[in-house]
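K.L.:
Sharing a structure below in structure tokens format, with a few things to ask.
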Amino acid sequence: MNSYQDDFYLEKNMDFLNNGSFGACPKTVLEAQREWQIRMETQLIRFFMRELPIALRDSAVSLGKFIGAKPENIVFVDNASSGANAVIRSLIPQLRRGDKLLTTSHCYGAVLCTLQYACDCSGAELVIADVPFPIESPQQVIDTLIPYITEKVKLCVLDHITSATGVIFPIEPIIGFCREKGVPILIDGAHAPGMISLNMETLQPDWYTGNCHKWLFAPKGCAFLWTHPEKQEITHPTVISHGYRENYITEFDFVGTKDYTPFLTLPKAIEYYSTIGYEKIFSHNHNLVVKMRDRLCEAWSVPHTAPSSMLGYLATLYCPIAQNKMASMKNVALIHDFLWDTYRVEIPIMPFNNKLWWRISSQIFNSEEDYNKLLEIGMSNDLLDG
Ligand SMILES: Cc1ncc(COP(=O)(O)O)c(C=O)c1O
């Protein structure tokens, strides 16, 4: 138990090691969201017609300072899946047979489905560069991907921090290479805001989408899409609404009646984050995840899967209790439920490259004792047999 635990509603009698799938939101931030919801309900027309457009742009200013972005390049989307959908589906009308959409074998499953959908609609080809895992260095990502970046590629989608494998990819040199070759690039930064420091105007991809509801303490349904000014005219939200053909911000700022308060609560989430401070959060979370990765790998006699420099607050490890199990979704559910039901350890089991892995995470409410049960479990590697 550490001093930040009481800031969250998380149950006490469990080890919550999966802030990666769904990030915990502090109580104070949820209270601020509730205040916005009450304001909305107090005078709905005033809220939607007058207050919301201004408040959304205030949130863009606040987020812009945090991610090094001009607010006019930022729009809000419900989640990184929506951000990726907006970009990929905006490109469908221009895609032709023979065009290629490129990503890596670490691409998030739902984004891969969106790429497949774009190919199914257009006759373009989906190309998946096979980046190894375990991984030895950022250079391996660069060396694997670069040969695929040719003028036939109409979009390259690259994860900033990968989902199943939990590693930080070297996006800067790859963005630079894509720019040289004239290949548009979308960075899927679902895990990045709050985990690593960002500067959109320095990075200058064509598009960058990131979740604020994983590691930046925002309520669920709070993500952004940053679009390079050159690409804003061709970028549309997945839901086309009144703003169509006006401009980028008008199109995205209203996509029908829904609860926009997660976006409006973002300044409060950033305030919570900034009060603790990036240095403190990063050193706590990163050091804890690396220390526990070292300890778990040593106890289970399994090798590391990535250098510490490629880790943020996640680490995907060999799963000794699953080593003889097929990488099926049935086994994922079986192992997950067994760990939860028996030990109250919440940890994701990740199928990747036909093997099952498990991924630990660390957020400010975690402490070393949260990983103790895993140490014991991993050593009983025949737990699931028979
Ligand atoms: C790399 C990556 N991309 C996209 C997503 C989708 O995020 P969301 O469910 O918020 O749309 C995730 C979710 O974990 C992810 O890890």
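The way I read the labels, and the way they are meant: chains A, B, ... in the order of the structure tokens, residue 1 as the first residue of every chain, and ligand 1 as the first ligand shown, with later ones counted on from there.
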So that I can check the surroundings of Val127 in chain A, please list as a PDB file with N, CA and C atoms, in the first residue's frame every protein, DNA and RNA residue that reaches within 10 Å of it, counting only C-alpha atoms and ignoring chain neighbours fewer than 2 positions away.
P.N.:
```
ATOM      1  N   LYS A 100      -0.038   0.127 -50.786  1.00  0.00           N
ATOM      2  CA  LYS A 100       0.245  -0.686 -49.589  1.00  0.00           C
ATOM      3  C   LYS A 100      -0.002   0.114 -48.316  1.00  0.00           C
ATOM      4  N   LEU A 101      -0.532  -0.574 -47.300  1.00  0.00           N
ATOM      5  CA  LEU A 101      -0.625   0.000 -45.956  1.00  0.00           C
ATOM      6  C   LEU A 101       0.325  -0.821 -45.096  1.00  0.00           C
ATOM      7  N   LEU A 102       1.234  -0.127 -44.424  1.00  0.00           N
ATOM      8  CA  LEU A 102       2.325  -0.813 -43.725  1.00  0.00           C
ATOM      9  C   LEU A 102       2.203  -0.667 -42.213  1.00  0.00           C
ATOM     10  N   THR A 103       2.458  -1.753 -41.515  1.00  0.00           N
ATOM     11  CA  THR A 103       2.593  -1.673 -40.059  1.00  0.00           C
ATOM     12  C   THR A 103       3.565  -2.768 -39.612  1.00  0.00           C
ATOM     13  N   THR A 104       3.664  -2.968 -38.298  1.00  0.00           N
ATOM     14  CA  THR A 104       4.567  -4.018 -37.809  1.00  0.00           C
ATOM     15  C   THR A 104       3.751  -5.128 -37.137  1.00  0.00           C
ATOM     16  N   SER A 105       4.437  -6.217 -36.838  1.00  0.00           N
ATOM     17  CA  SER A 105       3.787  -7.350 -36.174  1.00  0.00           C
ATOM     18  C   SER A 105       3.367  -6.993 -34.739  1.00  0.00           C
ATOM     19  N   LEU A 115      -6.948  -1.322 -40.477  1.00  0.00           N
ATOM     20  CA  LEU A 115      -6.120  -1.338 -41.699  1.00  0.00           C
ATOM     21  C   LEU A 115      -6.657  -2.386 -42.673  1.00  0.00           C
ATOM     22  N   GLN A 116      -7.023  -3.543 -42.131  1.00  0.00           N
ATOM     23  CA  GLN A 116      -7.563  -4.607 -42.997  1.00  0.00           C
ATOM     24  C   GLN A 116      -8.852  -4.145 -43.667  1.00  0.00           C
ATOM     25  N   ALA A 124      -6.268  -2.274 -51.619  1.00  0.00           N
ATOM     26  CA  ALA A 124      -4.863  -2.068 -51.209  1.00  0.00           C
ATOM     27  C   ALA A 124      -4.381  -3.305 -50.438  1.00  0.00           C
ATOM     28  N   GLU A 125      -3.059  -3.397 -50.283  1.00  0.00           N
ATOM     29  CA  GLU A 125      -2.480  -4.587 -49.635  1.00  0.00           C
ATOM     30  C   GLU A 125      -1.954  -4.215 -48.245  1.00  0.00           C
ATOM     31  N   ALA A 129       5.442  -5.793 -41.238  1.00  0.00           N
ATOM     32  CA  ALA A 129       6.875  -6.043 -41.040  1.00  0.00           C
ATOM     33  C   ALA A 129       7.069  -6.778 -39.718  1.00  0.00           C
ATOM     34  N   ASP A 130       7.823  -7.860 -39.776  1.00  0.00           N
ATOM     35  CA  ASP A 130       7.930  -8.747 -38.621  1.00  0.00           C
ATOM     36  C   ASP A 130       9.063  -8.308 -37.685  1.00  0.00           C
ATOM     37  N   TYR A 148      10.795  -1.689 -45.969  1.00  0.00           N
ATOM     38  CA  TYR A 148       9.406  -1.735 -46.438  1.00  0.00           C
ATOM     39  C   TYR A 148       8.871  -0.350 -46.830  1.00  0.00           C
ATOM     40  N   VAL A 153       3.822   2.699 -50.441  1.00  0.00           N
ATOM     41  CA  VAL A 153       3.146   2.726 -49.134  1.00  0.00           C
ATOM     42  C   VAL A 153       2.388   4.041 -48.988  1.00  0.00           C
ATOM     43  N   CYS A 156       1.932   4.453 -43.243  1.00  0.00           N
ATOM     44  CA  CYS A 156       2.660   3.581 -42.315  1.00  0.00           C
ATOM     45  C   CYS A 156       2.062   3.841 -40.933  1.00  0.00           C
TER      46      CYS A 156
END
```
K.L.:
8 Å from ligand 1 is the threshold here; counting only C-alpha atoms and all ligand atoms, which polymer residues fall inside it? Answer as a PyMOL selection string.
P.N.:
chain A and resi 20-22+78-84+107-111+159-164+188-191+211+213-214+221+223
K.L.:
Determine the nearest neighbour of Pro93 in chain A from the options A:Ile234, A:Leu317, A:Ile146, A:Met350, counting only C-alpha atoms.
P.N.:
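Answer, going by the shortest atom-to-atom distance: A:Ile234.
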K.L.:
Mind running range 91-151 of chain A against range 285-303 of chain A at 12 Å and telling me each contacting residue's nearest atom pair with the distance in Å (one decimal), counting only C-alpha atoms, chain and number ascending, as CSV?
P.N.:
```
residue,atom,partner,partner_atom,distance
A:Phe133,CA,A:Pro303,CA,11.9
A:Pro134,CA,A:Pro303,CA,9.1
A:Ile135,CA,A:Pro303,CA,11.3
A:Glu136,CA,A:Pro303,CA,11.6
```
K.L.:
Include C-alpha atoms and write out the residues we just selected as a PDB file, in the first residue's frame.
P.N.:
```
ATOM      1  CA  PHE A 133      10.271 -10.146 -29.798  1.00  0.00           C
ATOM      2  CA  PRO A 134      12.171 -10.590 -27.524  1.00  0.00           C
ATOM      3  CA  ILE A 135      13.855  -7.496 -28.828  1.00  0.00           C
ATOM      4  CA  GLU A 136      17.467  -6.421 -28.348  1.00  0.00           C
TER       5      GLU A 136
END
```
K.L.:
Could you tell me, as a PyMOL selection string, which residues of range 124-373 of chain A DSSP assigns to strand (DSSP E or B) when given the backbone?
P.N.:
chain A and resi 125-129+153-159+161+168+185-189+207-211+223-227+314-318+345-346+349-352+355-361
K.L.:
Pull the alpha helix (DSSP H) assignments for range 142-293 of chain A out of DSSP run on the backbone, and list those residues as an MDAnalysis selection string.
P.N.:
chainID A and resid 142:145 171:181 200:203 248:253 261:264 266:276 278:293
K.L.:
Distance CA of Phe338 in chain A-CA of Leu356 in chain A, one decimal place?
P.N.:
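Separation of CA of Phe338 in chain A and CA of Leu356 in chain A: 14.7 Å.
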K.L.:
Which residues are close to Asn18 in chain A, i.e. within 12 Å by only C-alpha atoms, leaving aside same-chain residues fewer than 3 positions away? Reply as JSON, numbers by chain.
P.N.:
{"A": [10, 14, 15, 21, 22, 23, 24, 163, 164, 166, 214, 215, 289, 313, 314, 315, 316, 336, 340, 345, 346, 347, 348, 349, 350, 358, 359, 360, 361, 362, 363, 365, 366, 370, 371]}
K.L.:
Using only C-alpha atoms for the distances, tell me which of A:Thr28, A:Thr209, A:Ser90, A:Thr261 is nearest to Ile240 in chain A.
P.N.:
A:Ser90
K.L.:
Restrict the calculation to only C-alpha atoms, then for each residue of range 179-267 of chain A with any atom at most 10 Å from an atom of range 29-43 of chain A give the closest atom pair and their distance in Å to one decimal, rows by chain and rising residue number, as CSV.
P.N.:
```
residue,atom,partner,partner_atom,distance
A:Phe217,CA,A:Val29,CA,7.6
A:Ala218,CA,A:Val29,CA,7.0
A:Pro219,CA,A:Leu30,CA,6.7
A:Lys220,CA,A:Leu30,CA,9.9
A:Asp259,CA,A:Gln37,CA,8.0
A:Tyr260,CA,A:Gln37,CA,8.9
A:Thr261,CA,A:Gln33,CA,6.0
A:Pro262,CA,A:Gln33,CA,6.6
A:Phe263,CA,A:Gln33,CA,9.1
A:Leu264,CA,A:Trp36,CA,7.4
A:Thr265,CA,A:Gln33,CA,5.5
A:Leu266,CA,A:Val29,CA,8.4
A:Pro267,CA,A:Val29,CA,9.3
```
K.L.:
Can you work out which one of A:Asn199, A:Gln232, A:Thr257, A:Gln140 has the shortest atom-to-atom distance to Ile45 in chain A, counting only C-alpha atoms?
P.N.:
A:Thr257
K.L.:
Using only C-alpha atoms, which protein or nucleic acid residues come within 12 Å of Val61 in chain A? Drop anything in the same chain fewer than 6 positions from it, and give the result as a PyMOL selection string.
P.N.:
chain A and resi 54-55+67-76+263-264+266-267+270
K.L.:
Would you mind exporting the chosen residues as a PDB file, in the first residue's frame, restricted to C-alpha atoms?
P.N.:
```pdb
ATOM      1  CA  ILE A  54     -15.092  27.233 -25.828  1.00  0.00           C
ATOM      2  CA  ALA A  55     -14.361  24.649 -23.135  1.00  0.00           C
ATOM      3  CA  ILE A  67       2.293  17.383 -25.386  1.00  0.00           C
ATOM      4  CA  GLY A  68       4.176  20.226 -27.100  1.00  0.00           C
ATOM      5  CA  ALA A  69       1.447  20.929 -29.631  1.00  0.00           C
ATOM      6  CA  LYS A  70      -0.267  23.978 -31.044  1.00  0.00           C
ATOM      7  CA  PRO A  71      -3.918  23.750 -29.908  1.00  0.00           C
ATOM      8  CA  GLU A  72      -5.150  24.294 -33.473  1.00  0.00           C
ATOM      9  CA  ASN A  73      -3.559  20.970 -34.462  1.00  0.00           C
ATOM     10  CA  ILE A  74      -5.334  19.034 -31.688  1.00  0.00           C
ATOM     11  CA  VAL A  75      -8.812  17.540 -31.819  1.00  0.00           C
ATOM     12  CA  PHE A  76     -10.443  15.206 -29.342  1.00  0.00           C
ATOM     13  CA  PHE A 263     -12.383  16.098 -22.721  1.00  0.00           C
ATOM     14  CA  LEU A 264     -13.393  19.011 -20.496  1.00  0.00           C
ATOM     15  CA  LEU A 266      -8.540  16.989 -19.043  1.00  0.00           C
ATOM     16  CA  PRO A 267      -7.133  20.181 -17.436  1.00  0.00           C
ATOM     17  CA  ILE A 270      -3.172  17.274 -16.141  1.00  0.00           C
TER      18      ILE A 270
END
```
